[in-house]
>>> print(open('upload_37.txt').read())   # compact mmCIF, C-alpha atoms
# COMPACT_ATOMS: atom_id res chain seq x y z
CA MET D 174 15.84 42.88 -18.50
CA ASN D 175 14.44 39.65 -19.97
CA ASN D 176 11.31 40.02 -22.04
CA TRP D 177 9.90 36.79 -20.59
CA ILE D 178 8.98 35.19 -17.27
CA THR D 179 8.27 31.56 -16.42
CA ILE D 180 6.09 30.66 -13.44
CA SER D 181 4.69 27.45 -11.97
CA CYS D 182 0.92 27.03 -12.17
CA ASN D 183 0.09 28.40 -8.73
CA LEU D 184 -2.34 31.31 -8.30
CA ASN D 185 0.03 32.94 -5.81
CA ASN D 186 2.30 33.62 -8.80
CA LEU D 187 -0.21 35.97 -10.47
CA GLN D 188 1.35 38.78 -8.47
CA LEU D 189 4.78 37.93 -9.96
CA VAL D 190 3.34 38.12 -13.47
CA ARG D 191 1.71 41.51 -12.80
CA ASP D 192 4.94 42.83 -11.27
CA PHE D 193 6.88 41.62 -14.32
CA VAL D 194 4.45 43.36 -16.71
CA THR D 195 4.68 46.57 -14.67
CA ASP D 196 8.49 46.48 -14.56
CA PHE D 197 8.92 45.59 -18.22
CA LEU D 198 6.54 48.30 -19.40
CA SER D 199 7.79 50.97 -16.99
CA PRO D 200 10.10 52.63 -19.59
CA TYR D 201 7.09 53.22 -21.84
CA ALA D 202 4.95 56.26 -21.28
CA LEU D 203 1.69 54.38 -20.86
CA SER D 204 -1.09 55.95 -18.82
CA ASP D 205 -1.97 54.33 -15.49
CA THR D 206 -5.24 53.17 -16.98
CA VAL D 207 -3.72 51.53 -20.07
CA LEU D 208 -0.94 49.87 -18.08
CA ASN D 209 -3.54 48.55 -15.65
CA GLN D 210 -5.74 47.28 -18.50
CA ILE D 211 -2.79 45.36 -19.93
CA LYS D 212 -2.07 43.87 -16.49
CA VAL D 213 -5.72 42.81 -16.17
CA ALA D 214 -5.75 41.11 -19.59
CA ILE D 215 -2.51 39.19 -18.93
CA ASP D 216 -3.70 38.30 -15.42
CA GLU D 217 -6.99 36.91 -16.79
CA ILE D 218 -5.32 34.67 -19.36
CA THR D 219 -2.67 33.56 -16.86
CA ALA D 220 -5.32 32.72 -14.22
CA ASN D 221 -7.32 30.74 -16.80
CA VAL D 222 -4.23 28.80 -17.88
CA ILE D 223 -3.35 28.03 -14.24
CA ILE D 224 -6.89 27.04 -13.19
CA HIS D 225 -8.46 25.45 -16.28
CA SER D 226 -5.59 24.19 -18.44
CA ASN D 227 -3.24 23.07 -15.67
CA LYS D 228 -5.55 22.47 -12.66
CA LYS D 229 -3.30 24.58 -10.40
CA ASP D 230 -0.53 21.96 -10.67
CA ASP D 231 2.63 23.48 -9.19
CA ASN D 232 4.76 21.11 -11.30
CA LYS D 233 3.49 22.66 -14.51
CA PHE D 234 4.71 25.91 -15.94
CA LEU D 235 3.68 28.75 -18.20
CA LYS D 236 5.77 31.34 -19.97
CA LEU D 237 4.82 34.94 -20.72
CA THR D 238 6.80 36.79 -23.40
CA ILE D 239 6.38 40.49 -24.22
CA THR D 240 7.52 41.78 -27.59
CA PRO D 241 7.34 45.52 -28.24
CA MET D 242 6.61 46.39 -31.89
CA GLN D 243 6.55 49.80 -33.50
CA ASP D 244 2.88 50.54 -32.89
CA CYS D 245 1.81 47.78 -30.55
CA LEU D 246 2.80 45.43 -27.77
CA LEU D 247 2.62 41.69 -28.33
CA PHE D 248 2.09 39.23 -25.51
CA GLU D 249 2.37 35.46 -25.71
CA ILE D 250 1.35 33.08 -22.93
CA ALA D 251 2.54 29.52 -23.59
CA ASP D 252 1.81 26.33 -21.65
CA LYS D 253 1.53 22.58 -22.14
CA GLY D 254 -1.77 21.90 -20.37
CA GLU D 255 -5.27 21.23 -21.64
CA PRO D 256 -5.92 23.40 -24.73
CA PHE D 257 -8.60 26.09 -24.49
CA ASP D 258 -11.44 25.61 -26.97
CA SER D 259 -12.31 29.15 -28.02
CA LYS D 260 -15.19 27.84 -30.16
CA LYS D 261 -17.08 26.92 -26.99
CA TYR D 262 -16.74 30.46 -25.66
CA LYS D 263 -19.93 32.47 -25.32
CA LYS D 264 -20.01 36.17 -24.61
CA PRO D 265 -21.37 36.60 -21.07
CA ASP D 266 -24.65 38.32 -20.27
CA ILE D 267 -23.72 40.13 -17.07
CA SER D 268 -27.30 40.95 -16.03
CA ASN D 269 -27.96 37.20 -16.19
CA PHE D 270 -24.86 36.47 -14.14
CA ILE D 271 -26.08 38.89 -11.46
CA GLU D 272 -29.51 37.22 -11.33
CA GLN D 273 -27.91 33.80 -11.05
CA GLY D 274 -25.27 34.89 -8.54
CA LYS D 275 -22.60 33.57 -10.87
CA LYS D 276 -19.03 34.13 -9.78
CA GLY D 277 -16.89 33.50 -12.83
CA GLY D 278 -16.98 33.91 -16.56
CA VAL D 279 -16.27 37.56 -17.30
CA GLY D 280 -12.47 37.30 -17.55
CA LEU D 281 -12.19 36.57 -21.23
CA ALA D 282 -14.82 39.22 -22.00
CA LEU D 283 -12.53 41.73 -20.31
CA VAL D 284 -9.56 40.50 -22.34
CA ASN D 285 -11.52 40.81 -25.60
CA LEU D 286 -12.56 44.37 -24.73
CA ILE D 287 -9.06 45.44 -23.67
CA MET D 288 -6.90 43.86 -26.34
CA ASP D 289 -6.97 44.62 -30.06
CA LYS D 290 -6.21 41.04 -30.99
CA VAL D 291 -6.78 37.80 -29.07
CA GLU D 292 -5.77 34.48 -30.57
CA PHE D 293 -5.57 30.93 -29.19
CA THR D 294 -3.61 28.18 -30.95
CA SER D 295 -2.32 24.73 -30.03
CA GLU D 296 0.44 22.82 -31.78
CA ASN D 297 2.45 19.73 -30.77
CA GLY D 298 1.15 19.72 -27.19
CA SER D 299 1.84 23.40 -26.60
CA ASN D 300 -0.84 26.08 -26.30
CA PHE D 301 -0.29 29.69 -27.19
CA CYS D 302 -2.45 32.67 -26.38
CA ARG D 303 -1.30 35.71 -28.34
CA LEU D 304 -2.53 39.19 -27.52
CA ALA D 305 -1.85 42.51 -29.18
CA LYS D 306 -2.45 45.97 -27.76
CA LYS D 307 -2.07 49.02 -29.95
CA VAL D 308 -0.26 51.85 -28.23
CA GLU D 309 0.81 55.31 -29.31
CA THR D 310 4.13 55.09 -31.18
CA ASN D 311 5.69 57.88 -29.13
CA SER D 312 4.93 55.99 -25.92
CA LEU D 313 7.25 53.28 -27.21
CA SER D 314 10.16 55.57 -28.04
CA ALA D 315 11.83 54.96 -24.65
CA MET R 192 0.73 41.83 -1.70
CA ALA R 193 -2.24 40.04 -0.24
CA MET R 194 -5.64 41.48 0.45
CA LYS R 195 -6.51 42.97 3.81
CA ILE R 196 -10.14 43.64 4.70
CA THR R 197 -11.03 45.85 7.65
CA ASN R 198 -14.56 46.08 9.09
CA HIS R 199 -16.13 49.09 10.65
CA ILE R 200 -19.63 48.80 12.05
CA LYS R 201 -21.91 51.66 12.94
CA GLU R 202 -25.49 50.69 13.69
CA LYS R 203 -26.82 49.01 10.55
CA THR R 204 -24.01 50.20 8.31
CA LEU R 205 -20.99 48.04 7.59
CA THR R 206 -17.97 49.72 6.04
CA LEU R 207 -15.45 47.37 4.47
CA SER R 208 -12.04 48.82 3.69
CA LEU R 209 -10.16 46.90 1.04
CA ASP R 210 -6.38 47.13 1.10
CA GLY R 211 -4.33 45.40 -1.59
CA GLU R 212 -5.06 43.60 -4.82
CA LEU R 213 -8.09 41.46 -5.70
CA ASP R 214 -7.09 38.68 -8.08
CA ALA R 215 -7.99 35.00 -8.55
CA SER R 216 -5.92 34.17 -5.49
CA SER R 217 -6.94 36.86 -3.01
CA SER R 218 -10.61 37.30 -3.96
CA VAL R 219 -11.46 34.15 -1.95
CA LEU R 220 -11.02 36.25 1.22
CA LEU R 221 -13.52 38.82 0.03
CA ASP R 222 -15.98 36.10 -0.90
CA GLU R 223 -15.71 34.61 2.59
CA GLU R 224 -16.31 38.03 4.10
CA LEU R 225 -19.42 38.71 1.99
CA SER R 226 -20.73 35.17 2.58
CA LYS R 227 -20.82 35.48 6.37
CA PRO R 228 -24.44 35.03 7.54
CA GLU R 229 -24.26 38.07 9.83
CA ILE R 230 -23.70 40.33 6.82
CA MET R 231 -27.43 40.04 6.09
CA LEU R 232 -28.14 41.95 9.33
CA PHE R 233 -26.87 45.20 7.83
CA SER R 234 -28.95 47.50 5.66
CA LYS R 235 -25.97 49.24 4.08
CA ILE R 236 -22.59 47.96 3.01
CA LEU R 237 -20.12 50.67 2.07
CA VAL R 238 -16.94 49.51 0.36
CA ASP R 239 -13.97 51.82 0.78
CA CYS R 240 -11.74 51.25 -2.28
CA GLU R 241 -9.10 53.90 -1.55
CA ASN R 242 -6.37 51.29 -1.08
CA LEU R 243 -7.73 48.79 -3.56
CA ASN R 244 -4.90 48.96 -6.06
CA TYR R 245 -6.04 46.29 -8.48
CA ILE R 246 -9.06 44.19 -9.42
CA SER R 247 -9.42 41.36 -11.92
CA SER R 248 -12.53 39.48 -13.04
CA ALA R 249 -12.21 37.22 -10.00
CA GLY R 250 -12.72 40.21 -7.73
CA LEU R 251 -15.52 41.61 -9.90
CA GLY R 252 -17.09 38.14 -9.90
CA VAL R 253 -17.33 38.12 -6.11
CA PHE R 254 -19.34 41.36 -6.16
CA ILE R 255 -21.44 40.18 -9.12
CA SER R 256 -22.28 36.95 -7.31
CA HIS R 257 -23.58 38.69 -4.16
CA LEU R 258 -25.36 41.61 -5.81
CA GLN R 259 -28.75 39.97 -6.32
CA ARG R 260 -28.78 38.48 -2.81
CA PHE R 261 -28.12 41.90 -1.30
CA GLU R 262 -30.71 43.52 -3.53
CA ASP R 263 -33.33 40.92 -2.58
CA ALA R 264 -32.59 41.60 1.09
CA GLN R 265 -32.74 45.37 0.40
CA ILE R 266 -29.15 45.81 1.44
CA LYS R 267 -27.51 48.73 -0.33
CA LEU R 268 -24.01 48.07 -1.64
CA ILE R 269 -22.07 51.25 -2.34
CA PHE R 270 -18.47 51.66 -3.49
CA PHE R 271 -16.54 54.86 -2.77
CA ASN R 272 -12.99 56.29 -3.03
CA MET R 273 -12.28 54.11 -6.04
CA GLN R 274 -9.03 54.71 -7.92
CA GLU R 275 -9.53 55.72 -11.55
CA LYS R 276 -7.69 52.70 -13.00
CA VAL R 277 -9.77 50.30 -10.87
CA LYS R 278 -13.02 52.07 -11.79
CA ASN R 279 -12.01 51.72 -15.43
CA VAL R 280 -12.12 47.90 -15.09
CA PHE R 281 -15.73 48.13 -13.81
CA GLU R 282 -16.54 50.48 -16.72
CA ILE R 283 -15.09 48.22 -19.42
CA LEU R 284 -17.79 45.65 -18.59
CA GLY R 285 -20.48 48.26 -17.92
CA LEU R 286 -20.59 47.27 -14.26
CA ASP R 287 -20.54 50.92 -13.23
CA LEU R 288 -24.11 51.08 -14.56
CA LEU R 289 -25.23 48.05 -12.55
CA MET R 290 -23.48 48.93 -9.30
CA THR R 291 -23.41 52.11 -7.20
CA ILE R 292 -20.02 53.79 -7.32
CA VAL R 293 -19.62 57.26 -5.81
CA SER R 294 -16.62 59.51 -5.15
CA THR R 295 -16.51 60.14 -1.43
CA TYR R 296 -17.57 58.65 1.90
CA ASP R 297 -19.99 61.54 2.44
CA GLU R 298 -21.59 60.85 -0.92
CA ALA R 299 -21.81 57.16 -0.06
CA LEU R 300 -23.63 58.03 3.18
CA THR R 301 -26.02 60.33 1.33
CA VAL R 302 -26.86 57.66 -1.25
CA ALA R 303 -27.14 55.03 1.49
CA ASN R 304 -29.69 57.14 3.37
CA GLU R 305 -31.85 57.96 0.36
>>> encode(input="upload_37.txt", output="structure tokens")
Amino acid sequence: MNNWITISCNLNNLQLVRDFVTDFLSPYALSDTVLNQIKVAIDEITANVIIHSNKKDDNKFLKLTITPMQDCLLFEIADKGEPFDSKKYKKPDISNFIEQGKKGGVGLALVNLIMDKVEFTSENGSNFCRLAKKVETNSLSA
Amino acid sequence: MAMKITNHIKEKTLTLSLDGELDASSSVLLDEELSKPEIMLFSKILVDCENLNYISSAGLGVFISHLQRFEDAQIKLIFFNMQEKVKNVFEILGLDLLMTIVSTYDEALTVANE
């Protein structure tokens, strides 16, 4: 099985990405909760890249690569759209969001809480979001 | 798999059964459902999450965005039958403390009638 998937920037493809993550990680003995958390984090970044960086343009693409390491899983989401400026990111105040009836803005907070490392870089017109999730070594022995 | 929403109405209680996955694509459906003007006629909205297999921030955002409106109108919003992995996503953000999530339908009815 490939350790990567390329999709066009259409929100209908989020399901494909989640299915790929589930299939790729199925040999590892991850709990339902941890596997789901990883799916959520990848889904959030992918949705942001599709919506914000690439304006849901079906002619643009993003690539997700999963690299298993000894004690962690590495994920890289690459695209060529508008770079994300992580300096402008503010941690959301959810009570405030509820008062204001705000719909979006908690995705990246979820990613930061789920993943052990979250990094955004841009070089030569390509953007990379790299995520790391520590997992038990024995769950990766498969 | 898309999202399927089924309505069940009994007097002033609306039970919404969610079937499928709530992501940035499918959560639009849920938002449309909760935005219908007639929803304000109910005093209780019970959300059956037994077949809700997945939720991302887009799905959470839909509930977050309607919460205050329901509270102002004294409409109780109660989630029940939620799968552990889905509940975990609410918990990561502390939403389980800001929303009412109970185990069973009977419990949901009890809380709704308090």
>>> closest_residue(input="upload_37.txt", among="R:Val277, R:Leu284, R:Ala299, R:Val253", to="Lys275 of chain D", atoms="only C-alpha atoms")
R:Val253
>>> closest_atom_pairs(input="upload_37.txt", of="chain D", to="chain R", cutoff="7 Å", atoms="all atoms listed in the file", output="tab-separated table")
residue	atom	partner	partner_atom	distance
D:Leu184	CA	R:Ser216	CA	5.4
D:Asn185	CA	R:Ser216	CA	6.1
D:Asp205	CA	R:Lys276	CA	6.4
D:Thr206	CA	R:Lys276	CA	4.7
D:Asn209	CA	R:Lys276	CA	6.4
D:Val213	CA	R:Ser247	CA	5.8
D:Ala220	CA	R:Ala215	CA	6.7
D:Ile271	CA	R:Ile255	CA	5.4
D:Glu272	CA	R:Gln259	CA	5.8
D:Gly274	CA	R:Ser256	CA	3.8
D:Lys275	CA	R:Ser256	CA	4.9
D:Lys276	CA	R:Gly252	CA	4.5
D:Gly277	CA	R:Gly252	CA	5.5
D:Val279	CA	R:Ser248	CA	6.0
D:Gly280	CA	R:Ser248	CA	5.0
D:Leu283	CA	R:Leu284	CA	6.8
>>> closest_residue(input="upload_37.txt", among="R:Leu243, R:Glu305, R:His199, R:Glu282", to="Ile287 of chain D", atoms="all atoms listed in the file")
R:Glu282
>>> atom_distance(input="upload_37.txt", atom1="atom CA of Tyr262 of chain D", atom2="atom CA of Gly278 of chain D")
9.7 Å
>>> atom_distance(input="upload_37.txt", atom1="atom CA of Ile269 of chain R", atom2="atom CA of Arg191 of chain D")
27.7 Å
>>> residues_around(input="upload_37.txt", residues="Leu232 of chain R", least_positions_apart="2", cutoff="10 Å", atoms="all atoms listed in the file", output="list in words")
Lys203, Thr204, Leu205, Pro228, Glu229, Ile230, Ser234, Lys235, Ala264 and Ile266 of chain R
>>> atom_distance(input="upload_37.txt", atom1="atom CA of Glu262 of chain R", atom2="atom CA of Phe270 of chain D")
14.0 Å
>>> residues_around(input="upload_37.txt", residues="Ile196 of chain R", least_positions_apart="3", cutoff="12 Å", atoms="all atoms listed in the file", output="list in words")
Ala193, His199, Thr206, Leu207, Ser208, Leu209, Asp210, Gly211, Glu212, Leu213, Ser217, Ser218, Val219, Leu220, Leu221, Asp222, Glu223, Glu224, Leu225, Val238, Asp239, Cys240, Asn242 and Leu243 of chain R
>>> axis_aligned_box(input="upload_37.txt", around="segment 256-260 of chain R", padding_each_side="4 Å", output="JSON")
{"center_x": -25.5, "center_y": 39.3, "center_z": -5.1, "size_x": 14.5, "size_y": 12.7, "size_z": 12.5}
>>> residues_around(input="upload_37.txt", residues="segment 230-247 of chain D", least_positions_apart="5", cutoff="8 Å", atoms="all atoms listed in the file", output="PyMOL selection string")
chain D and resi 176-183+222-223+252-254+303-310+313
>>> residues_near_point(input="upload_37.txt", point="(-20.3, 56.4, 1.9)", cutoff="9 Å", atoms="all atoms listed in the file", output="ChimeraX atom specification")
/R:206,236-239,269-272,293-303
>>> closest_residue(input="upload_37.txt", among="D:Lys228, D:Lys212, D:Lys263, D:Ala282", to="Phe248 of chain D", atoms="all atoms listed in the file")
D:Lys212
>>> residues_near_point(input="upload_37.txt", point="(7.3, 50.3, -17.6)", cutoff="12 Å", atoms="all atoms listed in the file", output="mmCIF file with C-alpha atoms, in the frame of the given file")
data_model
loop_
_atom_site.group_PDB
_atom_site.id
_atom_site.type_symbol
_atom_site.label_atom_id
_atom_site.label_comp_id
_atom_site.auth_asym_id
_atom_site.auth_seq_id
_atom_site.Cartn_x
_atom_site.Cartn_y
_atom_site.Cartn_z
ATOM 1 C CA MET D 174 15.840 42.880 -18.500
ATOM 2 C CA ASN D 176 11.310 40.020 -22.040
ATOM 3 C CA ARG D 191 1.710 41.510 -12.800
ATOM 4 C CA ASP D 192 4.940 42.830 -11.270
ATOM 5 C CA PHE D 193 6.880 41.620 -14.320
ATOM 6 C CA VAL D 194 4.450 43.360 -16.710
ATOM 7 C CA THR D 195 4.680 46.570 -14.670
ATOM 8 C CA ASP D 196 8.490 46.480 -14.560
ATOM 9 C CA PHE D 197 8.920 45.590 -18.220
ATOM 10 C CA LEU D 198 6.540 48.300 -19.400
ATOM 11 C CA SER D 199 7.790 50.970 -16.990
ATOM 12 C CA PRO D 200 10.100 52.630 -19.590
ATOM 13 C CA TYR D 201 7.090 53.220 -21.840
ATOM 14 C CA ALA D 202 4.950 56.260 -21.280
ATOM 15 C CA LEU D 203 1.690 54.380 -20.860
ATOM 16 C CA SER D 204 -1.090 55.950 -18.820
ATOM 17 C CA ASP D 205 -1.970 54.330 -15.490
ATOM 18 C CA VAL D 207 -3.720 51.530 -20.070
ATOM 19 C CA LEU D 208 -0.940 49.870 -18.080
ATOM 20 C CA ASN D 209 -3.540 48.550 -15.650
ATOM 21 C CA ILE D 211 -2.790 45.360 -19.930
ATOM 22 C CA LYS D 212 -2.070 43.870 -16.490
ATOM 23 C CA ILE D 239 6.380 40.490 -24.220
ATOM 24 C CA PRO D 241 7.340 45.520 -28.240
ATOM 25 C CA SER D 312 4.930 55.990 -25.920
ATOM 26 C CA LEU D 313 7.250 53.280 -27.210
ATOM 27 C CA ALA D 315 11.830 54.960 -24.650
#
>>> decode(input="upload_37.txt", residues="segment 208-276 of chain R", atoms="C-alpha atoms", output="mmCIF file, in the first residue's frame")
data_model
loop_
_atom_site.group_PDB
_atom_site.id
_atom_site.type_symbol
_atom_site.label_atom_id
_atom_site.label_comp_id
_atom_site.auth_asym_id
_atom_site.auth_seq_id
_atom_site.Cartn_x
_atom_site.Cartn_y
_atom_site.Cartn_z
ATOM 1 C CA SER R 208 -31.265 10.837 14.497
ATOM 2 C CA LEU R 209 -27.905 11.391 12.849
ATOM 3 C CA ASP R 210 -26.633 8.648 10.575
ATOM 4 C CA GLY R 211 -23.203 8.951 8.971
ATOM 5 C CA GLU R 212 -20.263 11.303 9.270
ATOM 6 C CA LEU R 213 -20.296 15.034 10.018
ATOM 7 C CA ASP R 214 -17.404 16.754 8.253
ATOM 8 C CA ALA R 215 -16.868 20.071 6.438
ATOM 9 C CA SER R 216 -18.861 18.716 3.515
ATOM 10 C CA SER R 217 -21.839 17.059 5.200
ATOM 11 C CA SER R 218 -22.332 19.412 8.162
ATOM 12 C CA VAL R 219 -24.132 21.872 5.850
ATOM 13 C CA LEU R 220 -27.148 19.528 5.964
ATOM 14 C CA LEU R 221 -27.246 19.601 9.740
ATOM 15 C CA ASP R 222 -26.951 23.372 9.740
ATOM 16 C CA GLU R 223 -29.916 23.642 7.363
ATOM 17 C CA GLU R 224 -31.923 21.354 9.614
ATOM 18 C CA LEU R 225 -31.165 23.348 12.774
ATOM 19 C CA SER R 226 -31.776 26.655 10.966
ATOM 20 C CA LYS R 227 -35.358 25.833 9.963
ATOM 21 C CA PRO R 228 -37.686 28.416 11.574
ATOM 22 C CA GLU R 229 -40.092 25.720 12.800
ATOM 23 C CA ILE R 230 -37.371 24.260 15.018
ATOM 24 C CA MET R 231 -38.004 27.135 17.438
ATOM 25 C CA LEU R 232 -41.484 25.690 18.132
ATOM 26 C CA PHE R 233 -40.008 22.776 20.074
ATOM 27 C CA SER R 234 -39.019 22.932 23.724
ATOM 28 C CA LYS R 235 -36.681 19.943 23.551
ATOM 29 C CA ILE R 236 -34.327 18.745 20.862
ATOM 30 C CA LEU R 237 -32.881 15.299 21.476
ATOM 31 C CA VAL R 238 -30.018 14.263 19.218
ATOM 32 C CA ASP R 239 -29.605 10.522 18.778
ATOM 33 C CA CYS R 240 -25.911 9.950 17.987
ATOM 34 C CA GLU R 241 -25.939 6.136 17.888
ATOM 35 C CA ASN R 242 -25.087 6.060 14.175
ATOM 36 C CA LEU R 243 -22.997 9.202 14.147
ATOM 37 C CA ASN R 244 -19.675 7.592 13.292
ATOM 38 C CA TYR R 245 -17.546 10.695 12.984
ATOM 39 C CA ILE R 246 -17.517 14.403 13.777
ATOM 40 C CA SER R 247 -14.998 17.105 12.879
ATOM 41 C CA SER R 248 -14.867 20.752 13.941
ATOM 42 C CA ALA R 249 -17.304 21.615 11.156
ATOM 43 C CA GLY R 250 -19.937 19.430 12.795
ATOM 44 C CA LEU R 251 -19.097 20.714 16.278
ATOM 45 C CA GLY R 252 -19.260 24.256 14.880
ATOM 46 C CA VAL R 253 -22.849 23.768 13.743
ATOM 47 C CA PHE R 254 -23.908 22.835 17.287
ATOM 48 C CA ILE R 255 -21.780 25.620 18.807
ATOM 49 C CA SER R 256 -23.386 28.180 16.503
ATOM 50 C CA HIS R 257 -26.970 27.273 17.484
ATOM 51 C CA LEU R 258 -26.418 26.688 21.193
ATOM 52 C CA GLN R 259 -26.985 30.254 22.392
ATOM 53 C CA ARG R 260 -30.064 30.719 20.201
ATOM 54 C CA PHE R 261 -31.629 27.573 21.641
ATOM 55 C CA GLU R 262 -30.682 28.568 25.170
ATOM 56 C CA ASP R 263 -32.205 32.036 24.722
ATOM 57 C CA ALA R 264 -35.414 30.405 23.497
ATOM 58 C CA GLN R 265 -35.269 27.947 26.427
ATOM 59 C CA ILE R 266 -34.982 25.009 24.095
ATOM 60 C CA LYS R 267 -33.096 22.128 25.660
ATOM 61 C CA LEU R 268 -30.544 20.443 23.403
ATOM 62 C CA ILE R 269 -29.566 16.983 24.603
ATOM 63 C CA PHE R 270 -27.262 14.443 22.977
ATOM 64 C CA PHE R 271 -27.595 10.731 23.715
ATOM 65 C CA ASN R 272 -26.248 7.344 22.525
ATOM 66 C CA MET R 273 -22.955 8.941 21.567
ATOM 67 C CA GLN R 274 -20.107 6.625 20.540
ATOM 68 C CA GLU R 275 -17.048 6.889 22.777
ATOM 69 C CA LYS R 276 -14.692 8.039 19.997
#
